[in-house]
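Chemist: Contents of protein_10.cif (mmCIF, C-alpha atoms and all ligand atoms) are below:
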```cif
data_input
#
loop_
_atom_site.label_atom_id
_atom_site.label_comp_id
_atom_site.auth_asym_id
_atom_site.auth_seq_id
_atom_site.Cartn_x
_atom_site.Cartn_y
_atom_site.Cartn_z
CA MET A 244 45.60 22.39 2.84
CA LYS A 245 47.79 25.40 2.01
CA ILE A 246 50.67 26.96 3.88
CA THR A 247 49.73 30.45 5.09
CA LYS A 248 52.72 31.54 7.17
CA LEU A 249 56.25 30.69 8.31
CA ARG A 250 57.12 32.20 11.66
CA SER A 251 60.13 31.85 13.93
CA MET A 252 60.85 32.58 17.57
CA LEU A 253 64.27 33.12 19.12
CA LEU A 254 64.75 31.55 22.53
CA GLU A 255 67.76 32.51 24.63
CA GLY A 256 69.20 31.40 27.93
CA PRO A 257 72.25 30.24 29.84
CA ARG A 258 74.30 27.27 28.68
CA SER A 259 76.23 24.77 30.72
CA ASP A 260 79.41 26.02 32.37
CA HIS A 261 80.81 22.64 33.35
CA THR A 262 83.40 22.59 30.63
CA GLU A 263 86.56 24.26 29.50
CA GLY A 264 85.54 23.71 25.88
CA GLN A 265 81.98 24.95 26.22
CA ALA A 266 82.47 28.11 28.20
CA SER A 267 79.53 29.43 30.14
CA GLY A 268 77.44 32.10 28.53
CA LYS A 269 74.28 32.45 26.53
CA ILE A 270 72.97 30.22 23.79
CA SER A 271 70.00 30.75 21.52
CA LYS A 272 67.79 28.48 19.44
CA LEU A 273 65.30 29.28 16.70
CA VAL A 274 61.92 27.59 16.80
CA ILE A 275 60.15 27.50 13.42
CA LYS A 276 56.38 27.28 13.00
CA ILE A 277 54.67 26.63 9.65
CA GLU A 278 50.97 27.51 9.71
CA THR A 279 48.20 26.43 7.32
CA ASP A 280 44.67 27.38 6.40
CA SER A 281 43.46 24.16 8.09
CA GLY A 282 44.61 25.29 11.51
CA LEU A 283 47.26 22.55 11.64
CA TYR A 284 50.85 23.65 12.07
CA GLY A 285 54.33 22.12 12.13
CA LEU A 286 57.29 22.85 14.40
CA GLY A 287 60.99 22.81 13.53
CA GLU A 288 64.29 24.02 14.99
CA ALA A 289 67.29 25.77 13.48
CA ASP A 290 70.49 27.09 14.95
CA ASN A 291 70.61 30.87 15.19
CA PHE A 292 73.66 31.08 12.95
CA LEU A 293 74.56 34.07 10.80
CA GLY A 294 72.06 34.49 7.97
CA VAL A 295 69.55 31.82 9.04
CA ARG A 296 66.79 34.27 10.02
CA GLU A 297 67.21 36.10 6.72
CA ALA A 298 67.05 32.82 4.79
CA LEU A 299 63.84 31.91 6.65
CA ASP A 300 62.28 35.22 5.59
CA PHE A 301 63.00 34.44 1.97
CA ILE A 302 61.93 30.79 2.17
CA GLU A 303 58.52 31.92 3.40
CA ASN A 304 58.00 33.48 -0.02
CA TYR A 305 58.31 30.06 -1.63
CA LEU A 306 56.16 28.27 0.90
CA VAL A 307 53.06 30.43 1.26
CA GLY A 308 50.25 29.08 -0.90
CA ARG A 309 51.88 25.66 -1.39
CA GLU A 310 50.70 22.23 -0.32
CA PRO A 311 52.92 21.10 2.57
CA PHE A 312 52.96 17.47 1.36
CA ASP A 313 55.60 18.10 -1.33
CA VAL A 314 58.38 18.02 1.27
CA ARG A 315 61.19 16.59 -0.85
CA PRO A 316 60.44 18.70 -3.95
CA ILE A 317 60.36 21.85 -1.81
CA VAL A 318 63.69 21.03 -0.11
CA SER A 319 65.29 19.85 -3.34
CA GLU A 320 64.35 23.09 -5.08
CA MET A 321 65.84 25.11 -2.21
CA LEU A 322 69.12 23.18 -2.24
CA TYR A 323 69.60 22.21 -5.87
CA GLY A 324 67.29 24.52 -7.84
CA SER A 325 65.11 23.53 -10.79
CA LEU A 326 64.91 24.37 -14.47
CA PRO A 327 62.81 27.35 -15.54
CA PRO A 328 59.98 28.08 -15.84
CA HIS A 329 59.90 28.23 -12.03
CA PRO A 330 56.55 28.12 -10.27
CA ALA A 331 55.30 31.62 -9.55
CA PRO A 332 55.61 32.59 -5.90
CA THR A 333 52.25 33.38 -4.47
CA SER A 334 52.95 35.47 -1.39
CA ASP A 335 52.70 39.23 -1.18
CA ALA A 336 56.00 39.19 0.69
CA PHE A 337 57.77 37.89 -2.40
CA ASP A 338 56.35 40.67 -4.56
CA GLU A 339 57.48 43.25 -2.03
CA ALA A 340 60.97 41.72 -1.87
CA SER A 341 61.21 41.54 -5.67
CA GLN A 342 60.38 45.22 -6.00
CA ALA A 343 62.70 46.31 -3.22
CA GLY A 344 65.68 46.89 -5.52
CA PRO A 345 69.16 45.43 -5.82
CA HIS A 346 69.63 44.96 -2.06
CA ARG A 347 66.62 42.72 -1.64
CA ARG A 348 67.12 39.41 0.11
CA SER A 349 67.60 36.70 -2.43
CA MET A 350 69.14 33.30 -3.11
CA SER A 351 70.32 31.37 -6.13
CA PRO A 352 67.60 29.74 -8.25
CA THR A 353 70.04 27.01 -9.29
CA ALA A 354 71.96 25.64 -6.29
CA THR A 355 72.82 26.58 -2.70
CA VAL A 356 75.11 23.90 -1.43
CA THR A 357 76.04 24.82 2.14
CA GLY A 358 75.58 27.62 4.64
CA PRO A 359 72.63 29.60 6.04
CA VAL A 360 70.12 28.58 3.39
CA VAL A 361 70.75 24.87 4.01
CA TRP A 362 70.63 25.39 7.79
CA ALA A 363 67.31 27.27 7.46
CA VAL A 364 65.85 24.72 5.02
CA SER A 365 66.77 21.96 7.47
CA GLY A 366 64.56 23.50 10.16
CA VAL A 367 61.78 24.12 7.63
CA GLU A 368 61.90 20.48 6.48
CA ILE A 369 61.53 19.30 10.07
CA ALA A 370 58.49 21.56 10.49
CA LEU A 371 56.95 20.36 7.21
CA LEU A 372 57.29 16.73 8.30
CA ASP A 373 55.75 17.51 11.68
CA LEU A 374 52.85 19.15 9.84
CA VAL A 375 52.39 16.30 7.34
CA GLY A 376 52.51 13.79 10.19
CA LYS A 377 49.75 15.65 12.01
CA ALA A 378 47.68 15.89 8.80
CA THR A 379 47.99 12.14 8.14
CA ASN A 380 47.85 11.09 11.80
CA MET A 381 51.24 9.38 11.50
CA PRO A 382 54.46 9.78 13.46
CA VAL A 383 57.31 11.19 11.40
CA TYR A 384 59.27 7.92 11.49
CA HIS A 385 56.44 6.33 9.49
CA LEU A 386 56.79 9.06 6.87
CA LEU A 387 60.47 8.10 6.66
CA GLY A 388 59.77 4.43 6.01
CA GLY A 389 58.99 3.04 9.45
CA ARG A 390 60.91 2.40 12.63
CA PHE A 391 63.58 -0.19 13.24
CA ARG A 392 63.54 0.69 16.95
CA ASP A 393 61.26 2.50 19.39
CA ARG A 394 63.98 4.07 21.52
CA VAL A 395 67.15 5.73 20.37
CA GLN A 396 70.64 5.41 21.86
CA ILE A 397 71.99 8.76 23.09
CA TYR A 398 75.61 9.72 23.56
CA LEU A 399 76.52 12.72 25.68
CA ASP A 400 79.02 15.33 24.54
CA ARG A 401 81.01 16.24 27.67
CA SER A 402 83.77 18.35 26.04
CA SER A 403 86.09 18.53 29.07
CA PRO A 404 85.94 19.55 32.72
CA ARG A 405 86.77 23.13 33.57
CA GLU A 406 89.79 22.05 35.64
CA VAL A 407 91.56 20.12 32.91
CA ASP A 408 94.66 19.43 35.02
CA ASN A 409 92.61 17.78 37.78
CA LEU A 410 92.17 14.08 37.06
CA ASP A 411 89.41 13.84 39.67
CA ALA A 412 87.43 16.44 37.70
CA TRP A 413 87.69 14.15 34.65
CA ARG A 414 86.56 11.16 36.68
CA LYS A 415 83.65 13.11 38.17
CA LEU A 416 82.41 14.40 34.81
CA ALA A 417 82.40 10.84 33.52
CA THR A 418 80.68 9.29 36.53
CA ASP A 419 78.12 12.11 36.68
CA SER A 420 77.13 11.17 33.13
CA LEU A 421 76.78 7.52 34.10
CA SER A 422 74.73 8.31 37.17
CA SER A 423 72.33 10.25 34.93
CA GLY A 424 71.71 6.97 33.10
CA PHE A 425 73.93 7.43 30.06
CA ASN A 426 76.45 4.86 28.85
CA GLN A 427 78.05 6.57 25.87
CA ILE A 428 80.14 9.73 26.25
CA LYS A 429 82.48 11.89 24.18
CA PHE A 430 85.26 14.35 24.98
CA ASP A 431 86.89 17.07 22.86
CA ILE A 432 90.60 16.54 22.13
CA ASP A 433 91.26 20.26 21.57
CA CYS A 434 89.81 21.02 25.02
CA THR A 435 91.50 18.09 26.76
CA ALA A 436 94.90 19.71 27.32
CA PRO A 437 94.64 23.35 26.17
CA ASP A 438 97.05 24.17 29.02
CA CYS A 439 99.76 22.55 26.85
CA THR A 440 98.97 24.14 23.48
CA ALA A 441 102.26 25.47 22.09
CA ASP A 442 100.96 27.15 18.93
CA VAL A 443 97.28 27.72 18.17
CA TRP A 444 97.90 27.89 14.40
CA ASN A 445 100.12 25.02 13.26
CA ARG A 446 97.63 22.18 13.83
CA SER A 447 100.18 20.21 15.83
CA ILE A 448 100.11 18.28 19.11
CA ARG A 449 103.43 18.40 20.96
CA ILE A 450 104.69 15.36 22.86
CA ASN A 451 103.91 16.76 26.32
CA GLN A 452 100.39 17.69 25.20
CA MET A 453 99.91 14.23 23.69
CA GLN A 454 100.87 12.65 27.01
CA LYS A 455 98.48 14.90 28.96
CA ILE A 456 95.63 14.05 26.57
CA LYS A 457 96.40 10.36 27.04
CA GLU A 458 96.71 10.61 30.83
CA ARG A 459 93.39 12.46 31.23
CA LEU A 460 91.45 10.14 28.96
CA GLU A 461 93.05 7.11 30.62
CA ALA A 462 91.69 8.38 33.94
CA VAL A 463 88.21 8.44 32.38
CA ARG A 464 88.54 4.94 30.95
CA GLU A 465 89.77 3.53 34.26
CA GLU A 466 86.83 5.15 36.02
CA ILE A 467 84.07 4.03 33.65
CA GLY A 468 85.39 0.57 32.81
CA TRP A 469 84.54 -1.33 29.66
CA ASP A 470 80.73 -1.18 29.76
CA VAL A 471 80.72 2.42 28.54
CA GLU A 472 81.43 3.58 24.99
CA LEU A 473 83.92 6.44 24.78
CA SER A 474 84.72 8.59 21.75
CA VAL A 475 86.74 11.76 21.09
CA ASP A 476 86.31 14.76 18.80
CA CYS A 477 89.23 16.58 17.14
CA HIS A 478 87.01 19.42 15.82
CA MET A 479 88.77 19.38 12.41
CA HIS A 480 91.95 20.85 13.86
CA TYR A 481 95.00 18.67 13.23
CA GLN A 482 97.57 17.97 10.56
CA ALA A 483 97.53 14.42 9.31
CA PRO A 484 100.76 13.08 10.92
CA ASP A 485 99.75 14.25 14.42
CA ALA A 486 96.23 12.92 13.96
CA ILE A 487 97.76 9.52 13.17
CA ARG A 488 100.10 9.78 16.18
CA LEU A 489 97.14 10.66 18.38
CA ALA A 490 95.18 7.65 17.12
CA HIS A 491 98.06 5.32 18.02
CA GLU A 492 98.53 6.89 21.47
CA LEU A 493 94.81 6.48 22.27
CA ALA A 494 94.38 3.03 20.72
CA PRO A 495 94.57 1.17 24.09
CA LEU A 496 91.44 3.07 25.24
CA LYS A 497 89.39 1.23 22.57
CA LEU A 498 87.52 4.33 21.48
CA MET A 499 84.32 4.13 19.51
CA TRP A 500 85.71 6.71 17.09
CA LEU A 501 88.13 9.54 16.45
CA GLU A 502 85.99 12.39 15.09
CA ASP A 503 86.99 14.91 12.41
CA PRO A 504 90.77 14.49 12.81
CA THR A 505 91.70 16.83 9.93
CA PRO A 506 90.18 20.01 8.41
CA ILE A 507 86.62 19.59 7.31
CA ILE A 508 86.25 19.12 3.55
CA ASN A 509 89.33 17.20 2.43
CA PRO A 510 88.48 13.52 1.99
CA ASP A 511 91.99 12.71 0.73
CA ALA A 512 93.70 13.88 3.94
CA CYS A 513 91.08 12.07 6.01
CA ALA A 514 91.58 8.89 3.94
CA HIS A 515 95.32 9.10 4.66
CA VAL A 516 94.61 9.27 8.41
CA LYS A 517 92.01 6.50 8.25
CA ALA A 518 94.40 4.15 6.46
CA LYS A 519 96.85 4.40 9.37
CA SER A 520 94.49 4.86 12.32
CA PRO A 521 93.78 1.97 14.69
CA ILE A 522 90.65 3.91 15.80
CA PRO A 523 87.57 4.20 13.51
CA ILE A 524 87.27 7.64 11.85
CA CYS A 525 83.98 9.57 12.10
CA ILE A 526 83.10 12.57 9.88
CA GLY A 527 80.20 14.62 8.56
CA GLU A 528 78.63 16.98 11.11
CA MET A 529 78.57 20.08 8.88
CA LEU A 530 78.38 18.29 5.52
CA ILE A 531 75.54 17.79 3.05
CA ALA A 532 74.80 14.50 1.30
CA GLU A 533 77.07 15.02 -1.70
CA GLN A 534 80.04 15.86 0.52
CA ILE A 535 79.49 12.79 2.69
CA ARG A 536 79.32 10.72 -0.50
CA LEU A 537 82.86 11.88 -1.37
CA PHE A 538 84.21 10.67 1.99
CA ILE A 539 82.51 7.28 1.59
CA ASP A 540 83.61 6.88 -2.03
CA ARG A 541 87.24 7.66 -1.15
CA ASP A 542 87.27 5.28 1.82
CA ALA A 543 87.90 8.25 4.14
CA CYS A 544 85.58 7.31 7.03
CA ASP A 545 84.31 4.44 9.14
CA VAL A 546 81.29 6.22 10.67
CA ILE A 547 79.18 8.99 9.12
CA HIS A 548 77.90 11.68 11.46
CA PRO A 549 75.48 14.13 9.77
CA ASP A 550 73.35 16.64 11.67
CA VAL A 551 69.64 17.00 10.91
CA MET A 552 69.99 20.79 11.29
CA PHE A 553 72.90 21.12 8.83
CA VAL A 554 72.38 18.38 6.22
CA GLY A 555 69.03 19.59 4.85
CA GLY A 556 66.59 17.81 7.14
CA LEU A 557 65.33 14.33 7.93
CA HIS A 558 65.00 12.99 4.38
CA GLU A 559 68.59 14.01 3.68
CA ILE A 560 69.65 12.03 6.75
CA ARG A 561 67.81 9.04 5.25
CA ARG A 562 69.63 9.51 1.93
CA VAL A 563 73.10 9.47 3.46
CA ALA A 564 72.15 6.74 5.93
CA ASP A 565 71.07 4.47 3.08
CA TYR A 566 74.21 5.22 1.05
CA ALA A 567 76.35 4.37 4.08
CA GLU A 568 74.30 1.24 4.75
CA LEU A 569 75.00 0.01 1.24
CA HIS A 570 78.70 0.20 2.19
CA TYR A 571 78.02 -1.45 5.59
CA LEU A 572 79.00 1.75 7.38
CA PRO A 573 77.19 2.90 10.54
CA LEU A 574 75.26 6.15 10.99
CA ALA A 575 75.88 8.26 14.08
CA LEU A 576 73.96 11.53 14.37
CA HIS A 577 75.68 14.74 15.40
CA SER A 578 73.40 17.17 17.23
CA ASN A 579 73.93 20.69 18.35
CA GLY A 580 70.20 20.98 18.85
CA GLY A 581 67.93 21.45 21.82
CA CYS A 582 65.02 19.17 22.65
CA LEU A 583 62.99 19.81 19.49
CA ALA A 584 65.86 19.06 17.11
CA VAL A 585 67.06 16.02 19.04
CA ILE A 586 63.54 14.52 19.02
CA ALA A 587 63.34 15.19 15.27
CA ALA A 588 66.73 13.51 14.78
CA ALA A 589 65.49 10.53 16.80
CA HIS A 590 62.71 9.96 14.25
CA ALA A 591 65.36 9.72 11.50
CA ALA A 592 67.44 7.47 13.78
CA ALA A 593 64.47 5.15 14.28
CA ALA A 594 64.00 4.88 10.52
CA ALA A 595 67.64 4.07 9.64
CA ARG A 596 68.75 0.46 9.85
CA ASN A 597 72.43 1.36 10.38
CA PHE A 598 71.82 3.90 13.18
CA LEU A 599 74.36 3.77 16.00
CA ASN A 600 73.80 6.70 18.38
CA LEU A 601 72.59 10.32 18.61
CA GLU A 602 74.44 13.15 20.30
CA TYR A 603 73.12 15.47 23.02
CA HIS A 604 75.09 18.44 24.32
CA PHE A 605 72.99 20.18 26.88
CA LEU A 606 72.26 17.91 29.82
CA ASP A 607 73.32 20.62 32.28
CA SER A 608 71.25 23.39 30.65
CA GLU A 609 67.78 22.26 31.64
CA TRP A 610 65.80 24.81 29.63
CA LEU A 611 67.30 23.50 26.36
CA GLY A 612 65.73 20.15 27.11
CA ALA A 613 62.36 21.60 28.09
CA TYR A 614 60.97 24.10 25.56
CA VAL A 615 58.95 21.35 23.93
CA LYS A 616 57.14 18.61 25.82
CA ARG A 617 55.72 15.21 24.97
CA GLU A 618 52.64 13.84 26.68
CA GLY A 619 53.72 11.38 29.36
CA LEU A 620 57.28 10.99 28.04
CA PRO A 621 60.57 12.33 29.42
CA LEU A 622 63.18 13.51 26.92
CA PHE A 623 65.53 10.68 27.97
CA ARG A 624 65.10 7.44 29.90
CA ASP A 625 68.03 5.14 30.78
CA GLY A 626 70.35 6.84 28.31
CA MET A 627 67.85 6.47 25.47
CA LEU A 628 65.34 8.77 23.78
CA PRO A 629 61.96 6.96 23.76
CA LEU A 630 59.71 7.58 20.76
CA SER A 631 55.94 7.92 20.90
CA ASP A 632 53.16 6.98 18.47
CA ALA A 633 51.81 10.55 18.47
CA PRO A 634 51.31 12.20 15.04
CA GLY A 635 54.16 14.26 13.62
CA LEU A 636 57.06 14.76 16.00
CA GLY A 637 54.65 14.35 18.90
CA VAL A 638 55.76 17.59 20.56
CA GLU A 639 54.09 20.77 21.80
CA LEU A 640 55.78 23.99 22.85
CA ASP A 641 55.99 24.49 26.60
CA ALA A 642 54.48 27.95 27.02
CA GLU A 643 56.08 28.60 30.38
CA VAL A 644 59.65 27.69 29.32
CA CYS A 645 59.30 29.56 26.01
CA ARG A 646 57.99 32.68 27.73
CA GLU A 647 60.78 32.59 30.29
CA HIS A 648 63.46 32.32 27.58
CA LEU A 649 61.96 34.51 24.87
CA ALA A 650 64.69 36.78 23.47
CA ALA A 651 64.18 40.55 23.45
CA ASP A 652 61.75 41.88 20.82
CA GLU A 653 60.51 38.37 19.99
CA SER A 654 56.89 37.25 19.87
CA LEU A 655 55.70 34.06 21.51
CA LEU A 656 54.62 31.44 18.93
CA ILE A 657 51.88 30.04 21.13
MG MG A 701 82.17 17.15 16.30
#
```
Show me, as structure tokens, the structure contained in the file I just sent.
Modeler:
Amino acid sequence: MKITKLRSMLLEGPRSDHTEGQASGKISKLVIKIETDSGLYGLGEADNFLGVREALDFIENYLVGREPFDVRPIVSEMLYGSLPPHPAPTSDAFDEASQAGPHRRSMSPTATVTGPVVWAVSGVEIALLDLVGKATNMPVYHLLGGRFRDRVQIYLDRSSPREVDNLDAWRKLATDSLSSGFNQIKFDIDCTAPDCTADVWNRSIRINQMQKIKERLEAVREEIGWDVELSVDCHMHYQAPDAIRLAHELAPLKLMWLEDPTPIINPDACAHVKAKSPIPICIGEMLIAEQIRLFIDRDACDVIHPDVMFVGGLHEIRRVADYAELHYLPLALHSNGGCLAVIAAAHAAAAARNFLNLEYHFLDSEWLGAYVKREGLPLFRDGMLPLSDAPGLGVELDAEVCREHLAADESLLI
């Protein structure tokens, strides 16, 4: 079986407007399809971030003509390069790109650590695993070593209500989540009391803002009681002393974690916060494996939180999950994905012993949970994502939803 084509389709539609932090507007998602000469194909998802489409165009040059079974070698070559002589690309597209002059699309043959190439490769890896699963008649979690569980705990990202100064709005957002069947929720600290932000640049939380954050989250905790897990996300915003102060102020709420308290790639600052925080520290949503290793090695986190769409794919999740497990640290999974990506992440979650929970953002944007479908299975049931025994990811594109949300000048992949 040889890969014959890599195609992508941009879907676009409205996103939830229930939050202050996630303002209403449009959101788009890229669906990736890898086709073969056997007629089998694999599906993946990537975020439509700057440069991802261009990276996908270039990656196709490496994929066409290859066996899809070499998933890890293909991804490893994309992320970390290989020694020359490099295998000759086989596609006509590569020859055209190579002859197109100095402005041709290209990427390093040695290493591409973070950014659009990694985000694109992540979606490609998901599609390759879907394809290999279909070719071997195995669900993806079997390709990743087998499942520890057949349904996956979901936590909902709620950001904040639009009316942040209305405590009833906080209570309602929390109870609405519970009535939808979910029992783990998260709010965004930076969106909790933006009405009290004194300076958007100095990474500080003033005392009146701290008290508003505490009061609003206390209202949530009182409403939901102690059967529901609650966590908060700092979005990498704060200076270390205020992050520590925040952790002490919120300690009575018994949070599951305080996420990304300080700017993103400094394990030393995060270790300083962790050493003084009474709340577990969670990191990792935009990091690759080697960066997460630094945080674990420097004792800078309690929970790791990679994203299947940003870490390099499902095998890379397994790598960091196993490294964390050897340190007896839990794996949570960040997700900014729609239904395809969150189902893919659930296969990695099933195959990781130390898995804790998997994020979902888009409960109020129905189309983002509906552009793929699974035979006889809802996306969520009782706050969990149930897995099936179907080959690959077990998903098919929903033609009607895809057609309805196809972005301008895009072609339907069905
Ligand atoms: Mg986050």
Chemist: From the list A:Ile547, A:Lys455, A:Gln482, A:Glu368, which residue is nearest Trp500 of chain A when using all atoms listed in the file?
Modeler: A:Ile547
Chemist: Residues up to 8 Å from ligand MG 701 (chain A), counting all atoms listed in the file: could you list those as a PyMOL selection string?
Modeler: chain A and resi 476-479+502-503+526+528+577
Chemist: Within 12 Å of Glu643 of chain A, counting all atoms listed in the file, which residues qualify if same-chain residues fewer than 3 places away don't, as a list in words?
Modeler: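 Contacts, with the query itself left out: Trp610, Ala613, Tyr614, Val615, Lys616, Glu639, Leu640, Arg646, Glu647, His648, Leu649, Leu655, Leu656 and Ile657 of chain A.
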Chemist: Check the smallest atom-to-atom distance from each of A:Trp469, A:Tyr571, A:Tyr481, A:Phe425 to Lys497 of chain A using all atoms listed in the file, then report the winner.
Modeler: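 Among A:Trp469, A:Tyr571, A:Tyr481, A:Phe425, it is A:Trp469 that comes nearest to Lys497 of chain A.
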Chemist: What gap, in Å, lies between atom CA of Ser351 of chain A and atom CA of Pro328 of chain A?
Modeler: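 Spanning atom CA of Ser351 of chain A to atom CA of Pro328 of chain A is a straight-line distance of 14.6 Å.
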Chemist: Given the point (82.8, 11.2, 33.4) in the file's coordinates, find the residues that have an atom at most 8 Å from it, counting only C-alpha atoms, and give them as number ranges by chain.
Modeler: A: 401, 413-421, 428, 463, 466-467
Chemist: Please compute the atom CA of Phe598 of chain A-atom CA of Glu472 of chain A distance, one decimal, in Å.
Modeler: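 Result for atom CA of Phe598 of chain A versus atom CA of Glu472 of chain A: 15.2 Å, one decimal.
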Chemist: Could you please determine the separation between atom CA of Ile456 of chain A and atom CA of Gln427 of chain A in Å, to one decimal place?
Modeler: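 Separation between atom CA of Ile456 of chain A and atom CA of Gln427 of chain A: 19.1 Å.
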